[in-house]
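With mmCIF, C-alpha atoms and all ligand atoms inside, this is start_36.cif:
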```
data_protein
loop_
_atom_site.label_atom_id
_atom_site.label_comp_id
_atom_site.auth_asym_id
_atom_site.auth_seq_id
_atom_site.Cartn_x
_atom_site.Cartn_y
_atom_site.Cartn_z
CA MET A 17 3.59 48.84 -75.56
CA THR A 18 7.35 49.24 -75.63
CA ASP A 19 9.58 48.70 -72.63
CA LEU A 20 11.21 51.73 -71.11
CA LYS A 21 14.95 51.35 -70.81
CA GLY A 22 15.58 54.16 -68.35
CA GLY A 23 18.78 56.17 -68.75
CA MET A 24 18.84 57.25 -65.11
CA ILE A 25 19.94 55.31 -62.07
CA PRO A 26 16.91 55.23 -59.74
CA ARG A 27 16.94 57.94 -57.09
CA ASP A 28 17.95 57.03 -53.54
CA TRP A 29 15.26 58.65 -51.41
CA ARG A 30 16.94 57.99 -48.05
CA HIS A 31 19.01 61.15 -48.46
CA GLN A 32 16.18 63.35 -49.68
CA PRO A 33 13.53 65.21 -47.71
CA PRO A 34 10.00 63.77 -47.74
CA ALA A 35 7.27 66.09 -49.00
CA PHE A 36 5.33 66.40 -45.74
CA THR A 37 7.49 67.92 -43.00
CA PRO A 38 5.04 69.60 -40.59
CA ASP A 39 7.72 71.50 -38.62
CA TYR A 40 8.30 73.41 -41.85
CA LYS A 41 4.78 74.79 -41.95
CA SER A 42 4.65 75.71 -45.63
CA SER A 43 4.97 72.03 -46.52
CA ARG A 44 1.70 71.09 -44.84
CA LEU A 45 -0.60 72.22 -47.64
CA ARG A 46 1.94 71.92 -50.42
CA SER A 47 2.99 68.28 -50.03
CA PRO A 48 1.37 65.69 -52.27
CA LYS A 49 -0.34 63.08 -50.10
CA LEU A 50 -0.19 60.18 -52.52
CA PRO A 51 3.10 58.40 -53.14
CA LYS A 52 5.00 59.40 -56.25
CA LEU A 53 4.61 57.00 -59.14
CA SER A 54 7.92 55.28 -59.80
CA MET A 55 8.88 54.53 -63.36
CA PRO A 56 12.05 54.13 -65.38
CA SER A 57 13.15 57.35 -67.00
CA THR A 58 12.29 57.90 -70.65
CA PRO A 59 13.93 60.05 -73.35
CA SER A 60 11.85 62.92 -71.92
CA GLU A 61 13.84 62.88 -68.67
CA ASP A 62 17.15 61.45 -69.95
CA SER A 63 17.55 64.46 -72.22
CA GLY A 64 17.66 68.04 -71.05
CA PRO A 65 18.39 71.60 -72.14
CA VAL A 66 21.96 72.53 -72.98
CA PHE A 67 23.30 75.93 -71.95
CA THR A 68 26.34 77.57 -73.47
CA ARG A 69 28.52 80.40 -72.19
CA GLU A 70 26.99 82.80 -74.68
CA ILE A 71 24.10 83.31 -72.26
CA LEU A 72 26.46 84.62 -69.57
CA GLY A 73 27.40 88.20 -69.01
CA PRO A 74 30.99 88.99 -67.94
CA LEU A 75 30.01 89.66 -64.31
CA ASP A 76 27.33 87.01 -63.89
CA ASP A 77 29.53 85.02 -61.50
CA ASP A 78 30.54 88.02 -59.38
CA LEU A 79 27.74 89.20 -57.09
CA THR A 80 30.00 91.80 -55.49
CA LEU A 81 30.05 93.68 -58.79
CA ASN A 82 27.23 92.51 -61.05
CA HIS A 83 24.75 94.98 -59.60
CA ALA A 84 27.10 97.62 -58.29
CA ALA A 85 27.37 101.16 -59.59
CA PRO A 86 30.62 101.85 -61.46
CA GLY A 87 33.46 102.01 -58.93
CA GLU A 88 31.31 100.66 -56.11
CA MET A 89 30.86 97.22 -54.59
CA ALA A 90 28.35 95.23 -52.55
CA ILE A 91 28.71 95.60 -48.77
CA GLY A 92 29.68 92.59 -46.67
CA PRO A 93 32.43 90.07 -46.03
CA ARG A 94 33.95 89.14 -49.38
CA ILE A 95 33.86 85.42 -50.11
CA ILE A 96 34.54 82.96 -52.90
CA VAL A 97 32.21 79.98 -53.26
CA HIS A 98 33.65 77.31 -55.48
CA GLY A 99 33.49 73.59 -56.06
CA GLN A 100 32.73 70.87 -58.53
CA VAL A 101 29.52 69.48 -59.95
CA LYS A 102 29.79 65.69 -60.12
CA ASP A 103 27.48 62.78 -60.70
CA GLU A 104 27.00 59.83 -58.38
CA MET A 105 29.87 58.00 -60.06
CA GLY A 106 32.18 60.88 -59.15
CA ARG A 107 32.54 62.11 -62.72
CA GLY A 108 32.71 65.86 -63.19
CA VAL A 109 29.71 67.33 -65.03
CA PRO A 110 30.87 69.91 -67.59
CA GLY A 111 28.44 72.47 -68.97
CA ALA A 112 26.18 72.44 -65.92
CA LEU A 113 24.28 75.69 -65.40
CA LEU A 114 24.31 76.97 -61.82
CA GLU A 115 22.03 79.81 -60.79
CA ILE A 116 22.34 81.21 -57.28
CA TRP A 117 20.42 83.74 -55.21
CA GLN A 118 20.86 84.98 -51.68
CA ALA A 119 20.08 87.65 -49.10
CA ASN A 120 22.51 90.54 -48.70
CA ALA A 121 25.00 90.78 -45.84
CA GLY A 122 22.23 92.05 -43.55
CA GLY A 123 19.91 89.15 -44.33
CA ARG A 124 17.55 91.05 -46.62
CA TYR A 125 16.38 89.91 -50.06
CA ARG A 126 15.78 92.30 -52.90
CA HIS A 127 12.14 91.21 -53.17
CA LYS A 128 9.00 93.23 -52.55
CA ASN A 129 7.64 90.56 -50.19
CA ASP A 130 10.69 90.70 -47.92
CA GLY A 131 9.95 93.23 -45.20
CA TYR A 132 12.84 92.45 -42.85
CA LEU A 133 14.23 95.53 -41.07
CA ALA A 134 17.74 95.06 -42.40
CA PRO A 135 18.42 97.57 -45.18
CA LEU A 136 18.75 96.86 -48.86
CA ASP A 137 22.18 97.38 -50.36
CA PRO A 138 21.83 99.41 -53.55
CA ASN A 139 24.97 97.73 -54.90
CA PHE A 140 23.80 94.17 -54.34
CA GLY A 141 21.39 92.38 -56.69
CA GLY A 142 21.50 88.99 -55.00
CA CYS A 143 21.77 86.62 -57.94
CA GLY A 144 24.39 85.16 -60.21
CA ARG A 145 25.03 82.30 -62.58
CA ALA A 146 27.86 80.23 -64.00
CA ILE A 147 28.46 77.24 -66.27
CA THR A 148 30.86 74.53 -65.13
CA ASP A 149 34.18 74.01 -66.91
CA ASP A 150 35.45 70.78 -68.49
CA GLU A 151 35.98 69.19 -65.07
CA GLY A 152 32.67 70.38 -63.62
CA GLY A 153 34.33 73.22 -61.69
CA TYR A 154 32.69 76.54 -60.87
CA ARG A 155 33.49 79.68 -58.88
CA PHE A 156 31.45 82.63 -57.62
CA HIS A 157 32.51 85.82 -55.90
CA THR A 158 29.93 87.18 -53.51
CA VAL A 159 29.39 88.54 -50.00
CA LEU A 160 28.54 86.41 -47.00
CA PRO A 161 24.73 86.46 -46.69
CA GLY A 162 23.23 87.33 -43.33
CA PRO A 163 20.88 85.06 -41.37
CA TYR A 164 17.27 86.27 -41.31
CA PRO A 165 14.09 85.70 -39.33
CA TRP A 166 11.13 84.06 -41.04
CA PRO A 167 7.53 83.37 -40.14
CA ASN A 168 7.29 79.70 -39.22
CA GLY A 169 7.61 79.12 -35.49
CA ALA A 170 7.61 81.95 -32.96
CA ASN A 171 11.33 82.65 -33.34
CA ASP A 172 12.83 80.92 -36.37
CA TRP A 173 15.96 82.21 -38.09
CA ARG A 174 17.40 80.88 -41.30
CA PRO A 175 21.11 80.11 -41.09
CA ALA A 176 23.20 82.03 -43.62
CA HIS A 177 22.68 80.28 -46.95
CA ILE A 178 22.97 80.54 -50.70
CA HIS A 179 20.24 79.02 -52.89
CA PHE A 180 21.51 76.89 -55.80
CA SER A 181 19.64 75.75 -58.89
CA VAL A 182 21.47 73.21 -61.06
CA PHE A 183 20.96 71.81 -64.55
CA GLY A 184 23.05 68.76 -65.35
CA GLN A 185 22.86 66.85 -68.59
CA SER A 186 19.45 65.25 -68.02
CA PHE A 187 16.25 66.97 -66.97
CA ALA A 188 15.95 64.19 -64.37
CA GLN A 189 19.13 65.55 -62.73
CA ARG A 190 17.52 68.93 -62.09
CA LEU A 191 18.31 69.96 -58.53
CA VAL A 192 17.67 72.88 -56.22
CA THR A 193 19.27 73.13 -52.84
CA GLN A 194 20.81 75.50 -50.31
CA MET A 195 24.41 75.81 -49.23
CA TYR A 196 25.25 76.57 -45.60
CA PHE A 197 28.45 77.81 -43.97
CA GLU A 198 30.70 75.85 -41.63
CA GLY A 199 30.28 76.79 -38.00
CA ASP A 200 26.86 78.46 -38.20
CA PRO A 201 24.95 77.53 -34.99
CA LEU A 202 21.61 78.21 -36.70
CA ILE A 203 21.99 75.26 -39.08
CA TRP A 204 20.95 72.67 -36.51
CA ARG A 205 17.98 74.78 -35.35
CA CYS A 206 16.49 75.30 -38.80
CA PRO A 207 13.22 73.51 -39.67
CA ILE A 208 14.05 73.68 -43.39
CA VAL A 209 17.44 72.03 -42.87
CA ALA A 210 15.70 69.46 -40.66
CA THR A 211 13.44 68.33 -43.51
CA ILE A 212 16.43 66.21 -44.60
CA PRO A 213 16.22 62.93 -42.69
CA ASP A 214 19.91 62.01 -42.86
CA ARG A 215 22.58 63.84 -40.86
CA ALA A 216 25.37 63.05 -43.30
CA ALA A 217 23.27 64.45 -46.14
CA ILE A 218 22.85 67.68 -44.18
CA GLU A 219 26.57 67.85 -43.49
CA ARG A 220 27.22 67.67 -47.22
CA LEU A 221 25.28 70.94 -47.59
CA ILE A 222 27.63 72.71 -45.18
CA ALA A 223 30.53 74.25 -47.06
CA PRO A 224 33.81 74.20 -45.16
CA LEU A 225 36.15 77.15 -45.06
CA ASP A 226 38.79 76.43 -47.69
CA MET A 227 41.98 78.24 -46.71
CA ALA A 228 43.85 76.83 -49.70
CA ALA A 229 41.55 78.70 -52.07
CA THR A 230 41.34 81.83 -49.95
CA VAL A 231 42.84 84.91 -51.58
CA PRO A 232 45.06 86.67 -49.00
CA PHE A 233 43.88 90.17 -48.06
CA ASP A 234 40.88 89.75 -50.38
CA ALA A 235 38.34 86.96 -49.88
CA ARG A 236 37.84 83.83 -47.81
CA ALA A 237 36.84 80.74 -49.78
CA TYR A 238 34.18 78.12 -49.08
CA ARG A 239 34.05 74.86 -50.96
CA PHE A 240 30.74 73.36 -52.02
CA ASP A 241 30.54 70.32 -54.29
CA LEU A 242 27.23 69.36 -55.84
CA LEU A 243 26.34 65.80 -56.68
CA LEU A 244 23.77 65.05 -59.34
CA ARG A 245 22.10 61.69 -59.65
CA GLY A 246 23.84 59.26 -61.94
CA ARG A 247 23.06 58.21 -65.45
CA HIS A 248 23.74 54.77 -66.83
CA ALA A 249 27.12 54.63 -68.51
CA SER A 250 25.84 53.97 -72.02
CA PRO A 251 25.52 57.31 -73.74
CA PHE A 252 22.20 58.13 -75.29
CA GLU A 253 21.42 59.91 -78.50
CA ASN A 254 19.44 63.00 -79.17
CA ARG A 255 21.52 65.79 -77.72
CA PRO A 256 22.21 68.48 -80.26
CA GLU A 257 24.26 71.39 -78.96
CA GLY A 258 23.26 74.94 -78.36
CA LEU A 259 20.35 76.40 -76.48
CA MET B 5 32.07 53.78 -55.28
CA LYS B 6 28.67 55.34 -55.64
CA LEU B 7 28.33 58.77 -54.06
CA HIS B 8 25.10 60.30 -52.82
CA GLU B 9 23.03 62.84 -54.67
CA THR B 10 23.05 66.24 -52.95
CA ALA B 11 19.99 66.67 -50.75
CA SER B 12 17.29 68.94 -52.11
CA GLN B 13 16.03 72.01 -50.27
CA THR B 14 13.03 74.18 -51.03
CA VAL B 15 13.61 77.14 -53.34
CA GLY B 16 11.90 79.30 -50.71
CA PRO B 17 9.70 82.31 -51.47
CA TYR B 18 12.25 84.28 -53.49
CA VAL B 19 13.23 81.86 -56.25
CA HIS B 20 12.36 84.44 -58.90
CA ILE B 21 15.24 86.67 -57.77
CA GLY B 22 17.64 84.01 -58.97
CA CYS B 23 15.80 82.36 -61.83
CA MET B 24 13.39 84.93 -63.32
CA PRO B 25 14.30 88.37 -62.05
CA ASN B 26 12.71 90.16 -65.00
CA ALA B 27 9.40 88.45 -64.29
CA ILE B 28 9.22 90.18 -60.89
CA GLY B 29 10.33 93.55 -62.14
CA LEU B 30 14.07 93.28 -61.51
CA HIS B 31 15.22 94.28 -64.99
CA ASP B 32 18.72 95.33 -64.05
CA VAL B 33 20.47 91.95 -63.76
CA TYR B 34 19.95 89.83 -66.88
CA PRO B 35 18.82 91.16 -70.26
CA GLU B 36 16.20 88.42 -70.52
CA ASP B 37 14.99 85.64 -68.23
CA LEU B 38 16.22 82.21 -69.28
CA GLY B 39 13.42 80.11 -70.68
CA ALA B 40 11.14 83.07 -71.36
CA ARG B 41 11.21 82.45 -75.13
CA MET B 42 10.76 78.91 -76.43
CA ARG B 43 10.18 79.29 -80.15
CA GLY B 44 11.40 81.34 -83.08
CA GLU B 45 9.72 82.72 -86.19
CA SER B 46 10.75 79.74 -88.30
CA THR B 47 9.97 77.06 -85.72
CA GLU B 48 8.04 74.22 -87.28
CA GLY B 49 4.80 73.05 -85.72
CA GLN B 50 1.53 74.29 -84.32
CA LYS B 51 1.93 77.32 -82.06
CA ILE B 52 0.06 76.77 -78.79
CA THR B 53 -0.41 78.47 -75.43
CA ILE B 54 -0.51 76.50 -72.20
CA GLU B 55 -1.54 78.07 -68.95
CA GLY B 56 -2.61 76.92 -65.54
CA ILE B 57 -2.66 77.39 -61.82
CA ILE B 58 -1.03 75.27 -59.13
CA ARG B 59 -3.23 74.91 -56.06
CA ASP B 60 -2.41 73.84 -52.52
CA GLY B 61 -4.48 71.58 -50.28
CA ALA B 62 -6.77 74.46 -49.33
CA GLY B 63 -7.38 75.34 -52.98
CA ALA B 64 -5.26 78.49 -52.82
CA PRO B 65 -3.16 79.30 -55.90
CA LEU B 66 0.61 79.18 -55.51
CA THR B 67 1.64 82.72 -56.38
CA ASP B 68 5.34 82.12 -55.72
CA ALA B 69 5.92 79.04 -57.89
CA LEU B 70 8.51 78.51 -60.60
CA VAL B 71 7.39 76.21 -63.39
CA GLU B 72 9.66 74.66 -66.00
CA ILE B 73 8.74 72.56 -68.99
CA TRP B 74 10.81 70.35 -71.29
CA GLN B 75 9.41 69.01 -74.50
CA ALA B 76 10.18 67.58 -77.90
CA ASP B 77 9.87 69.54 -81.12
CA ALA B 78 7.08 68.97 -83.64
CA ARG B 79 8.91 65.91 -84.98
CA GLY B 80 9.42 64.34 -81.55
CA ARG B 81 13.09 65.26 -81.16
CA TYR B 82 14.65 66.72 -78.03
CA GLY B 83 17.09 69.62 -78.10
CA ALA B 84 17.46 72.95 -79.82
CA ASP B 85 16.80 72.67 -83.56
CA GLY B 86 18.38 75.87 -84.88
CA SER B 87 15.02 77.56 -85.51
CA GLY B 88 14.89 79.30 -82.17
CA PHE B 89 13.01 76.40 -80.62
CA THR B 90 14.63 75.42 -77.34
CA GLY B 91 12.31 72.77 -75.94
CA TRP B 92 12.76 74.28 -72.52
CA GLY B 93 10.63 76.96 -70.93
CA ARG B 94 10.41 78.60 -67.57
CA ALA B 95 7.57 80.68 -66.14
CA ALA B 96 6.82 82.49 -62.92
CA ALA B 97 3.39 82.16 -61.37
CA ASP B 98 1.62 85.52 -61.36
CA ALA B 99 2.06 87.20 -57.98
CA GLN B 100 -1.71 87.83 -57.66
CA SER B 101 -3.52 85.11 -59.59
CA GLY B 102 -0.90 82.35 -59.61
CA VAL B 103 -1.39 81.85 -63.37
CA TRP B 104 1.67 80.73 -65.32
CA ARG B 105 1.82 80.60 -69.11
CA PHE B 106 3.96 79.16 -71.90
CA GLU B 107 3.95 80.09 -75.57
CA THR B 108 5.28 77.04 -77.33
CA ILE B 109 4.48 74.51 -80.05
CA LYS B 110 2.73 71.21 -79.84
CA PRO B 111 5.33 68.45 -79.46
CA GLY B 112 5.32 65.38 -81.65
CA ALA B 113 5.10 61.85 -80.30
CA VAL B 114 8.38 60.58 -78.83
CA GLU B 115 8.94 56.93 -79.69
CA ALA B 116 5.82 55.15 -78.40
CA MET B 117 4.86 58.03 -76.11
CA ALA B 118 1.95 60.24 -77.06
CA PRO B 119 2.74 63.98 -77.35
CA HIS B 120 3.44 65.26 -73.86
CA ILE B 121 5.30 67.94 -71.96
CA THR B 122 7.41 67.31 -68.86
CA PHE B 123 6.69 69.70 -65.98
CA TRP B 124 8.96 70.57 -63.08
CA ILE B 125 7.52 72.59 -60.19
CA ALA B 126 9.38 74.38 -57.42
CA ALA B 127 8.03 76.67 -54.69
CA ARG B 128 8.20 77.52 -51.01
CA GLY B 129 6.96 74.51 -49.03
CA ILE B 130 8.02 72.02 -51.70
CA ASN B 131 11.10 70.29 -50.30
CA MET B 132 12.00 68.59 -53.54
CA ALA B 133 10.76 69.92 -56.84
CA LEU B 134 7.97 67.87 -58.40
CA HIS B 135 7.99 66.14 -61.78
CA THR B 136 4.79 65.60 -63.69
CA ARG B 137 3.60 65.46 -67.31
CA MET B 138 0.94 67.05 -69.41
CA TYR B 139 -0.79 65.24 -72.27
CA PHE B 140 -3.20 66.68 -74.84
CA PRO B 141 -6.93 65.92 -74.86
CA GLU B 142 -7.04 65.24 -78.62
CA ASP B 143 -4.53 62.37 -78.50
CA GLU B 144 -6.70 59.72 -76.84
CA THR B 145 -5.82 57.01 -79.34
CA LEU B 146 -2.06 57.38 -78.91
CA GLN B 147 -2.49 57.64 -75.15
CA ALA B 148 -4.14 54.23 -75.01
CA SER B 149 -0.76 52.65 -75.80
CA ASP B 150 1.47 55.25 -74.11
CA PRO B 151 4.01 53.33 -71.99
CA VAL B 152 3.80 55.86 -69.15
CA LEU B 153 0.17 56.89 -69.12
CA ALA B 154 -1.25 53.45 -69.87
CA GLY B 155 1.70 51.54 -68.40
CA PHE B 156 2.19 53.20 -65.01
CA VAL B 157 -0.63 55.60 -64.19
CA PRO B 158 -3.72 54.00 -62.60
CA ALA B 159 -6.75 54.60 -64.81
CA PRO B 160 -8.70 56.74 -62.32
CA ARG B 161 -5.82 59.23 -62.06
CA ARG B 162 -4.91 59.57 -65.75
CA ASN B 163 -7.17 62.55 -66.22
CA THR B 164 -5.00 64.58 -63.83
CA LEU B 165 -2.31 64.54 -66.55
CA ILE B 166 -4.52 65.61 -69.45
CA ALA B 167 -4.91 69.30 -70.21
CA GLN B 168 -8.21 70.88 -71.18
CA LYS B 169 -8.61 72.67 -74.45
CA THR B 170 -10.10 76.09 -73.71
CA ALA B 171 -9.95 77.61 -77.21
CA ASP B 172 -8.19 76.96 -80.49
CA PHE B 173 -4.54 76.20 -79.67
CA MET B 174 -5.10 77.10 -76.00
CA TYR B 175 -4.72 74.56 -73.25
CA GLN B 176 -5.26 74.74 -69.52
CA PHE B 177 -3.35 72.42 -67.21
CA ASN B 178 -4.14 72.94 -63.55
CA ILE B 179 -2.02 71.18 -60.98
CA HIS B 180 -3.33 70.11 -57.58
CA LEU B 181 -0.78 69.38 -54.87
CA GLN B 182 -3.33 67.72 -52.60
CA GLY B 183 -7.01 66.78 -52.45
CA SER B 184 -9.38 64.64 -54.47
CA GLU B 185 -7.88 65.86 -57.74
CA GLU B 186 -4.25 65.47 -56.65
CA THR B 187 -2.05 65.45 -59.76
CA VAL B 188 0.14 62.42 -60.42
CA PHE B 189 3.78 63.18 -59.63
CA PHE B 190 6.58 60.91 -60.78
CA ASP B 191 9.66 59.44 -59.20
CA VAL B 192 11.46 59.08 -62.46
FE FE A 301 16.63 82.05 -48.49
#
```
Please lay out the structure from this file as structure tokens.
Amino acid sequence: MTDLKGGMIPRDWRHQPPAFTPDYKSSRLRSPKLPKLSMPSTPSEDSGPVFTREILGPLDDDLTLNHAAPGEMAIGPRIIVHGQVKDEMGRGVPGALLEIWQANAGGRYRHKNDGYLAPLDPNFGGCGRAITDDEGGYRFHTVLPGPYPWPNGANDWRPAHIHFSVFGQSFAQRLVTQMYFEGDPLIWRCPIVATIPDRAAIERLIAPLDMAATVPFDARAYRFDLLLRGRHASPFENRPEGL
Amino acid sequence: MKLHETASQTVGPYVHIGCMPNAIGLHDVYPEDLGARMRGESTEGQKITIEGIIRDGAGAPLTDALVEIWQADARGRYGADGSGFTGWGRAAADAQSGVWRFETIKPGAVEAMAPHITFWIAARGINMALHTRMYFPEDETLQASDPVLAGFVPAPRRNTLIAQKTADFMYQFNIHLQGSEETVFFDV
């Protein structure tokens, strides 16, 4: 049997939600009961798919327009969400694929299972994607999503949020999370937010208003940096370009 | 200074809007869902189909799950090979049955590891997406010296990582989140 070298720095679980979080009811039957098996990463996790800009359409990063009829626009407060994807050593991660999805300004998703009273917006599709630049930077244009009620407790409301899915350079860096907005009083009442055991880790999911990046008379900006787990400095082989 | 990895949050019930809109009938955003096609006409290797169901602790299928796989090519190499093979696939669980399906090729052995496919599972109620692996039932000999299967997985649980062959080139890999057959998930 060969030794596994492990290209990834082991994950720090203190900042991550446990699987079983009974106040978030859906986790009760969907949380593995046995502890995860820890092992060093192998080439199967150190490697990962590579995405190039050819997969992107010209409006993929603009949710105000990417589903709007010609000459029209999604309804809601216009915002920019931007930031940097970094690893735990603070290095920017270029070529990271970000996929986002969100409710419309009224808090309604374009999904047949979402029966919330708030109306659909025919000009809003609710998803977008981008690939980070050489420094790991990204930028989306969208509308501020509305909070929405959800069946959990008797009166639970999700704070306004944008779902993020991230591919870094290793499949072991794969991350999904949600971004919240500075000042939203629902954040600290949300059972999904509260699955995260560490207050500072929650605060890092709350994007501050970024006046420096705000476009006057156009869109307010929020800054959200994403941190992927680190890889050992020695580069590893096996990464041909182009997926 | 070492920074902290961003905390994970569940993908919630509507992950397909963002990641596989075509799979749920939203055909007006992206021309094709990413990960929907894994192989090309000239891709080397044995074409196979893998399907399965993810079940919760009550035995109910997860009909809202997103499943991703990452695998080597027929020669055990990771990454696109120019033949249309990507190594990466993504599937949506069927909204009624919960069945997900991949049309791919059988991977080769990677170093000392027997042929296997890495799985990544996200759904409502899963706070941090789960990593597991699928091995093939016909590779028993290689599995006996596989550094992960033989090196880390306790013998009584190894069978949770081995798919069943249901027909020629058809495999079934069911995943159990809880219960007596709970699948092995990795902190890797
Ligand atoms: Fe949501």
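With only C-alpha atoms as the atoms that count, the residue of B:Leu70, B:Ile109, B:Ala167, B:Val157 with the shortest distance to chain A is B:Val157.
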The residues within 10 Å of (6.5, 67.1, -82.5), using all atoms listed in the file and the coordinates of the file, should be reported as a ChimeraX atom specification; which are they?
/B:48-50,75-82,109-114,118-120
Expected answer as a ChimeraX atom specification: residues within 12 Å of ligand FE 301 (chain A), all atoms listed in the file
/A:116-120,123-127,130,142-143,161-166,173-180,193-196,206,208-209 /B:13-22,127-128
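Each of A:Phe233, A:Phe183, A:Tyr238, A:Phe156 was compared to Glu72 of chain B using all atoms listed in the file, and A:Phe183 turns out to be the nearest.
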Considering all atoms listed in the file, tabulate each residue of chain A that lies at most 7 Å from chain B along with its nearest interatomic pair and the corresponding distance in Å to one decimal; arrange the rows by chain and ascending residue number and present them as JSON lines.
```
{"residue": "A:Met17", "atom": "CA", "partner": "B:Pro151", "partner_atom": "CA", "distance": 5.8}
{"residue": "A:Thr18", "atom": "CA", "partner": "B:Pro151", "partner_atom": "CA", "distance": 6.4}
{"residue": "A:His31", "atom": "CA", "partner": "B:Ala11", "partner_atom": "CA", "distance": 6.1}
{"residue": "A:Gln32", "atom": "CA", "partner": "B:Ala11", "partner_atom": "CA", "distance": 5.2}
{"residue": "A:Pro33", "atom": "CA", "partner": "B:Asn131", "partner_atom": "CA", "distance": 6.2}
{"residue": "A:Ala35", "atom": "CA", "partner": "B:Asn131", "partner_atom": "CA", "distance": 5.8}
{"residue": "A:Ser42", "atom": "CA", "partner": "B:Gly129", "partner_atom": "CA", "distance": 4.3}
{"residue": "A:Ser43", "atom": "CA", "partner": "B:Gly129", "partner_atom": "CA", "distance": 4.1}
{"residue": "A:Leu45", "atom": "CA", "partner": "B:Gly61", "partner_atom": "CA", "distance": 4.7}
{"residue": "A:Arg46", "atom": "CA", "partner": "B:Asp60", "partner_atom": "CA", "distance": 5.2}
{"residue": "A:Ser47", "atom": "CA", "partner": "B:Leu181", "partner_atom": "CA", "distance": 6.2}
{"residue": "A:Pro48", "atom": "CA", "partner": "B:Leu181", "partner_atom": "CA", "distance": 5.0}
{"residue": "A:Lys49", "atom": "CA", "partner": "B:Gln182", "partner_atom": "CA", "distance": 6.1}
{"residue": "A:Lys52", "atom": "CA", "partner": "B:Phe190", "partner_atom": "CA", "distance": 5.0}
{"residue": "A:Leu53", "atom": "CA", "partner": "B:Phe190", "partner_atom": "CA", "distance": 4.7}
{"residue": "A:Ser54", "atom": "CA", "partner": "B:Asp191", "partner_atom": "CA", "distance": 4.5}
{"residue": "A:Met55", "atom": "CA", "partner": "B:Val192", "partner_atom": "CA", "distance": 5.3}
{"residue": "A:Pro56", "atom": "CA", "partner": "B:Val192", "partner_atom": "CA", "distance": 5.8}
{"residue": "A:Ser57", "atom": "CA", "partner": "B:Val192", "partner_atom": "CA", "distance": 5.1}
{"residue": "A:Ser60", "atom": "CA", "partner": "B:Thr122", "partner_atom": "CA", "distance": 7.0}
{"residue": "A:Ser63", "atom": "CA", "partner": "B:Tyr82", "partner_atom": "CA", "distance": 6.9}
{"residue": "A:Pro65", "atom": "CA", "partner": "B:Trp92", "partner_atom": "CA", "distance": 6.2}
{"residue": "A:His83", "atom": "CA", "partner": "B:Val33", "partner_atom": "CA", "distance": 6.7}
{"residue": "A:Glu104", "atom": "CA", "partner": "B:Leu7", "partner_atom": "CA", "distance": 4.6}
{"residue": "A:Met105", "atom": "CA", "partner": "B:Lys6", "partner_atom": "CA", "distance": 5.3}
{"residue": "A:Gly106", "atom": "CA", "partner": "B:Leu7", "partner_atom": "CA", "distance": 6.7}
{"residue": "A:Glu115", "atom": "CA", "partner": "B:Gly22", "partner_atom": "CA", "distance": 6.3}
{"residue": "A:Ile116", "atom": "CA", "partner": "B:Gly22", "partner_atom": "CA", "distance": 5.7}
{"residue": "A:Trp117", "atom": "CA", "partner": "B:Gly22", "partner_atom": "CA", "distance": 4.7}
{"residue": "A:His127", "atom": "CA", "partner": "B:Tyr18", "partner_atom": "CA", "distance": 6.9}
{"residue": "A:Cys143", "atom": "CA", "partner": "B:Gly22", "partner_atom": "CA", "distance": 5.0}
{"residue": "A:Gly144", "atom": "CA", "partner": "B:Gly22", "partner_atom": "CA", "distance": 7.0}
{"residue": "A:His179", "atom": "CA", "partner": "B:Val15", "partner_atom": "CA", "distance": 6.9}
{"residue": "A:Leu191", "atom": "CA", "partner": "B:Ser12", "partner_atom": "CA", "distance": 6.6}
{"residue": "A:Val192", "atom": "CA", "partner": "B:Ser12", "partner_atom": "CA", "distance": 5.7}
{"residue": "A:Thr193", "atom": "CA", "partner": "B:Gln13", "partner_atom": "CA", "distance": 4.3}
{"residue": "A:Gln194", "atom": "CA", "partner": "B:Gln13", "partner_atom": "CA", "distance": 5.9}
{"residue": "A:Ala217", "atom": "CA", "partner": "B:Ala11", "partner_atom": "CA", "distance": 6.1}
{"residue": "A:Leu242", "atom": "CA", "partner": "B:Thr10", "partner_atom": "CA", "distance": 6.0}
{"residue": "A:Leu243", "atom": "CA", "partner": "B:Glu9", "partner_atom": "CA", "distance": 4.9}
{"residue": "A:Leu244", "atom": "CA", "partner": "B:Glu9", "partner_atom": "CA", "distance": 5.2}
{"residue": "A:Arg245", "atom": "CA", "partner": "B:Glu9", "partner_atom": "CA", "distance": 5.2}
{"residue": "A:Asn254", "atom": "CA", "partner": "B:Tyr82", "partner_atom": "CA", "distance": 6.2}
{"residue": "A:Arg255", "atom": "CA", "partner": "B:Gly83", "partner_atom": "CA", "distance": 5.9}
{"residue": "A:Pro256", "atom": "CA", "partner": "B:Gly83", "partner_atom": "CA", "distance": 5.7}
{"residue": "A:Gly258", "atom": "CA", "partner": "B:Ala84", "partner_atom": "CA", "distance": 6.3}
{"residue": "A:Leu259", "atom": "CA", "partner": "B:Ala84", "partner_atom": "CA", "distance": 5.6}
```
